[in-house]
Structure formats: C-alpha cells, structure tokens
Amino acid sequence: PASKRRQVQQLEVKLYSDIQLSPSGDKWKEGTEVFSASAIVNSNEKSCFLSGDMPDPPLWSAETPNLFTMTLTLKNNEGIVEQVESCRIGFRTIQIQNGVLLVNGKRITVCGVNRHDHDPDNGKVVTIERTWKDIELLKQNNFNALRTSHYPADTPLYRLCDFYGMYVCDEANIEVHGMMPMGRLVQDKAWENAFVSRVRRMVQRDRNHASIIFWSWGNESGRG
C-alpha cells in the first residue's frame, strides 16, 4: 500500500547566535546563522546523524552562559515544511581528571544547594516566577550549582539555569530508602523496568541543557 512506502524527507539543523536579554525570553538581540547541516532520511527511520564543524564557539559555563538557538526543520519530499522544533543549547565539556572536576578544561569549585519544589506561600504550587526568584537569589549569594532533590524539576528551571549560568545535578525520582531490608526494591528484578524507565525519561527530556553537568541515578535507593 502507498501508506507503507518509504517517504524521503529532509532534516535541517541550524544554529543562530541570537542573545536572550531577559529570563522570561521576551527580549532578544538578533543574531546571525552560524551553522547549518542537513540530511536525507526515510520517514520510517527513528534517528539520523548530522555532523559539521563550528570552530571555536563561545563556551557555556556558570560564569559565561553563552547559548545558541538551534532549529530543526523537517521537510517532505516536495520541500514543504512539516515540522519545526527549536531549543537553546550551549557548548561545553565536562571531565573528571585525577579526581578534579573540569568544565571546559578548567578546574571549578562547586558551591551548591539542594532544591525542592516549594513555595513559602503556596506550598507545592510553584510558579515560574517563584522559580525565577530562586535562581536569582542563588546567583546573588554566590552559589553556582543546585541539585534537583529528589526528582527532576519542571522544564523552566533548567532553562533558567542555562540562561543565568547555574550548574545542575539532575536527580531521578527513584528514592526508596524507607524499604526494609535496605535495598529491597533495587535488588528486585520485578522493579528494574520501573527504575530504568524513570532514569531514561529524565535523560531523554533534559540532555540538551548545557547547565546539567551531573546525573543522579541512585540517591537513597538502597545502596544506589
């Protein structure tokens, strides 16, 4: 049947050097296109690979949170745009050498806090404005990192950390330390898919955020 035939599509990726001037994203300084690449894919393929060179891009760090806008455009075999997605990304490297944490090849000192979704007035109803205030207060008091204890946060938090320059330890929601004996569920194969699924979904959702430099995959889950 025609519906089963492979349809050839084109995927285009572009990067722009525009500058976000406000945390809410309502003010921008227009930039230019600094990178582009494309690939031909079949509609039944679930992934494709694109590559290219971008010499010496401004790097992201807590001190210099340089970001780019990336757009992905999918066109059908007639060149008609079918879908467009975009996000803000940054370039940086994370290494641990001889027990020393390096960001972009330079040693850093992590001065961080644990953060829960909590509002002093509304309890567990946390607005974007309150999250915004949290990050501002941390930066104003010379903190440069936070851990999303004990569960992944709402997406706006990571966008704000990307924008302001805040290192993030993203933590999976798999805390089961109250079980007896210790490690009961994490050692039970019947629960393996439940644990792995939560970790996988967290990484797949958040992996493009430059601010995330650690993943926490076993905190308070038996012995990890």
# chains A, B, ... in the order shown; residues from 1 in each chain; ligands from 1
call {"tool": "residues_around", "arguments": {"residues": "stretch 201-206 of chain A", "least_positions_apart": "2", "cutoff": "9 Å", "atoms": "only C-alpha atoms", "output": "PyMOL selection string"}}
result
chain A and resi 152+155+158+170-173+196-199+208-209+212+215
call {"tool": "select_by_dssp", "arguments": {"residues": "chain A", "states": "strand (DSSP E or B)", "output": "VMD selection string"}}
result
chain A and resid 8 to 16 19 to 20 28 to 29 33 to 42 60 65 68 to 75 81 to 89 94 to 97 100 to 103 106 to 107 112 to 114 119 123 145 to 147 167 to 171 212 to 216
call {"tool": "write_last_selection", "arguments": {"atoms": "C-alpha atoms", "output": "mmCIF file, in the first residue's frame"}}
result
data_model
loop_
_atom_site.group_PDB
_atom_site.id
_atom_site.type_symbol
_atom_site.label_atom_id
_atom_site.label_comp_id
_atom_site.auth_asym_id
_atom_site.auth_seq_id
_atom_site.Cartn_x
_atom_site.Cartn_y
_atom_site.Cartn_z
ATOM 1 C CA VAL A 8 12.054 10.564 1.649
ATOM 2 C CA GLN A 9 12.365 13.567 3.956
ATOM 3 C CA GLN A 10 14.974 16.205 4.634
ATOM 4 C CA LEU A 11 16.065 17.238 8.112
ATOM 5 C CA GLU A 12 17.811 20.591 8.507
ATOM 6 C CA VAL A 13 19.568 21.862 11.627
ATOM 7 C CA LYS A 14 20.648 25.483 12.072
ATOM 8 C CA LEU A 15 22.280 27.443 14.883
ATOM 9 C CA TYR A 16 21.791 31.153 15.476
ATOM 10 C CA ILE A 19 21.192 36.680 22.559
ATOM 11 C CA GLN A 20 18.430 36.292 25.117
ATOM 12 C CA TRP A 28 16.220 39.353 22.389
ATOM 13 C CA LYS A 29 19.159 40.709 20.446
ATOM 14 C CA GLU A 33 23.124 31.966 11.355
ATOM 15 C CA VAL A 34 26.436 30.413 12.412
ATOM 16 C CA PHE A 35 25.945 26.762 11.458
ATOM 17 C CA SER A 36 23.786 24.605 9.218
ATOM 18 C CA ALA A 37 23.646 20.961 8.153
ATOM 19 C CA SER A 38 21.108 18.671 6.551
ATOM 20 C CA ALA A 39 20.455 15.000 5.958
ATOM 21 C CA ILE A 40 18.104 12.896 3.853
ATOM 22 C CA VAL A 41 16.080 10.418 5.905
ATOM 23 C CA ASN A 42 13.301 7.926 5.335
ATOM 24 C CA TRP A 60 28.961 27.826 28.193
ATOM 25 C CA PRO A 65 26.455 31.177 29.973
ATOM 26 C CA PHE A 68 22.670 29.477 20.782
ATOM 27 C CA THR A 69 19.241 28.889 19.313
ATOM 28 C CA MET A 70 19.045 25.571 17.457
ATOM 29 C CA THR A 71 16.241 24.879 14.998
ATOM 30 C CA LEU A 72 15.298 21.532 13.488
ATOM 31 C CA THR A 73 13.174 21.623 10.345
ATOM 32 C CA LEU A 74 11.622 18.534 8.740
ATOM 33 C CA LYS A 75 10.553 18.805 5.083
ATOM 34 C CA VAL A 81 7.892 22.104 5.888
ATOM 35 C CA GLU A 82 6.099 19.526 8.051
ATOM 36 C CA GLN A 83 7.522 20.241 11.490
ATOM 37 C CA VAL A 84 9.831 22.742 13.218
ATOM 38 C CA GLU A 85 11.343 22.455 16.688
ATOM 39 C CA SER A 86 13.791 24.731 18.482
ATOM 40 C CA CYS A 87 15.689 24.961 21.754
ATOM 41 C CA ARG A 88 18.558 26.832 23.369
ATOM 42 C CA ILE A 89 21.847 24.939 23.552
ATOM 43 C CA ILE A 94 32.765 18.033 31.406
ATOM 44 C CA GLN A 95 35.697 15.926 32.614
ATOM 45 C CA ILE A 96 37.000 14.402 35.825
ATOM 46 C CA GLN A 97 40.784 14.083 35.762
ATOM 47 C CA VAL A 100 39.316 17.027 39.750
ATOM 48 C CA LEU A 101 36.129 18.285 38.053
ATOM 49 C CA LEU A 102 36.865 20.297 34.914
ATOM 50 C CA VAL A 103 34.435 22.407 32.894
ATOM 51 C CA LYS A 106 39.308 24.376 33.751
ATOM 52 C CA ARG A 107 39.010 23.382 37.392
ATOM 53 C CA GLY A 112 25.655 24.444 45.532
ATOM 54 C CA VAL A 113 22.413 23.718 47.339
ATOM 55 C CA ASN A 114 19.658 21.117 47.317
ATOM 56 C CA ASP A 119 6.804 27.918 47.676
ATOM 57 C CA GLY A 123 3.383 25.096 49.329
ATOM 58 C CA ALA A 145 25.035 24.913 41.453
ATOM 59 C CA LEU A 146 21.907 23.102 42.565
ATOM 60 C CA ARG A 147 20.622 19.541 42.853
ATOM 61 C CA TYR A 167 25.387 24.044 37.253
ATOM 62 C CA VAL A 168 22.746 21.352 37.793
ATOM 63 C CA CYS A 169 22.778 17.848 39.238
ATOM 64 C CA ASP A 170 19.620 16.325 37.747
ATOM 65 C CA GLU A 171 18.204 13.669 40.049
ATOM 66 C CA ILE A 212 23.339 19.838 33.575
ATOM 67 C CA ILE A 213 26.809 18.547 34.429
ATOM 68 C CA PHE A 214 25.816 15.653 36.754
ATOM 69 C CA TRP A 215 23.172 12.929 36.722
ATOM 70 C CA SER A 216 21.979 11.426 39.993
#
call {"tool": "closest_residue", "arguments": {"among": "A:Glu136, A:Asp154, A:Asp121, A:Glu220", "to": "A:His177", "atoms": "only C-alpha atoms"}}
result
A:Glu220
call {"tool": "atom_distance", "arguments": {"atom1": "atom CA of A:Ser22", "atom2": "atom CA of A:Asn104"}}
result
25.3 Å
call {"tool": "select_by_dssp", "arguments": {"residues": "stretch 18-172 of chain A", "states": "helix (DSSP H, G or I)", "output": "list of chain:residue names"}}
result
A:Ile128, A:Glu129, A:Arg130, A:Thr131, A:Trp132, A:Lys133, A:Asp134, A:Ile135, A:Glu136, A:Leu137, A:Leu138, A:Lys139, A:Gln140, A:Thr155, A:Pro156, A:Leu157, A:Tyr158, A:Arg159, A:Leu160, A:Cys161, A:Asp162, A:Phe163, A:Tyr164
call {"tool": "atom_distance", "arguments": {"atom1": "atom CA of A:Cys161", "atom2": "atom CA of A:Phe143"}}
result
11.8 Å
call {"tool": "atom_distance", "arguments": {"atom1": "atom CA of A:Pro23", "atom2": "atom CA of A:Arg92"}}
result
20.7 Å
call {"tool": "closest_residue", "arguments": {"among": "A:Asn144, A:Ser43, A:Ser221, A:Asn122", "to": "A:Ser61", "atoms": "only C-alpha atoms"}}
result
A:Asn144
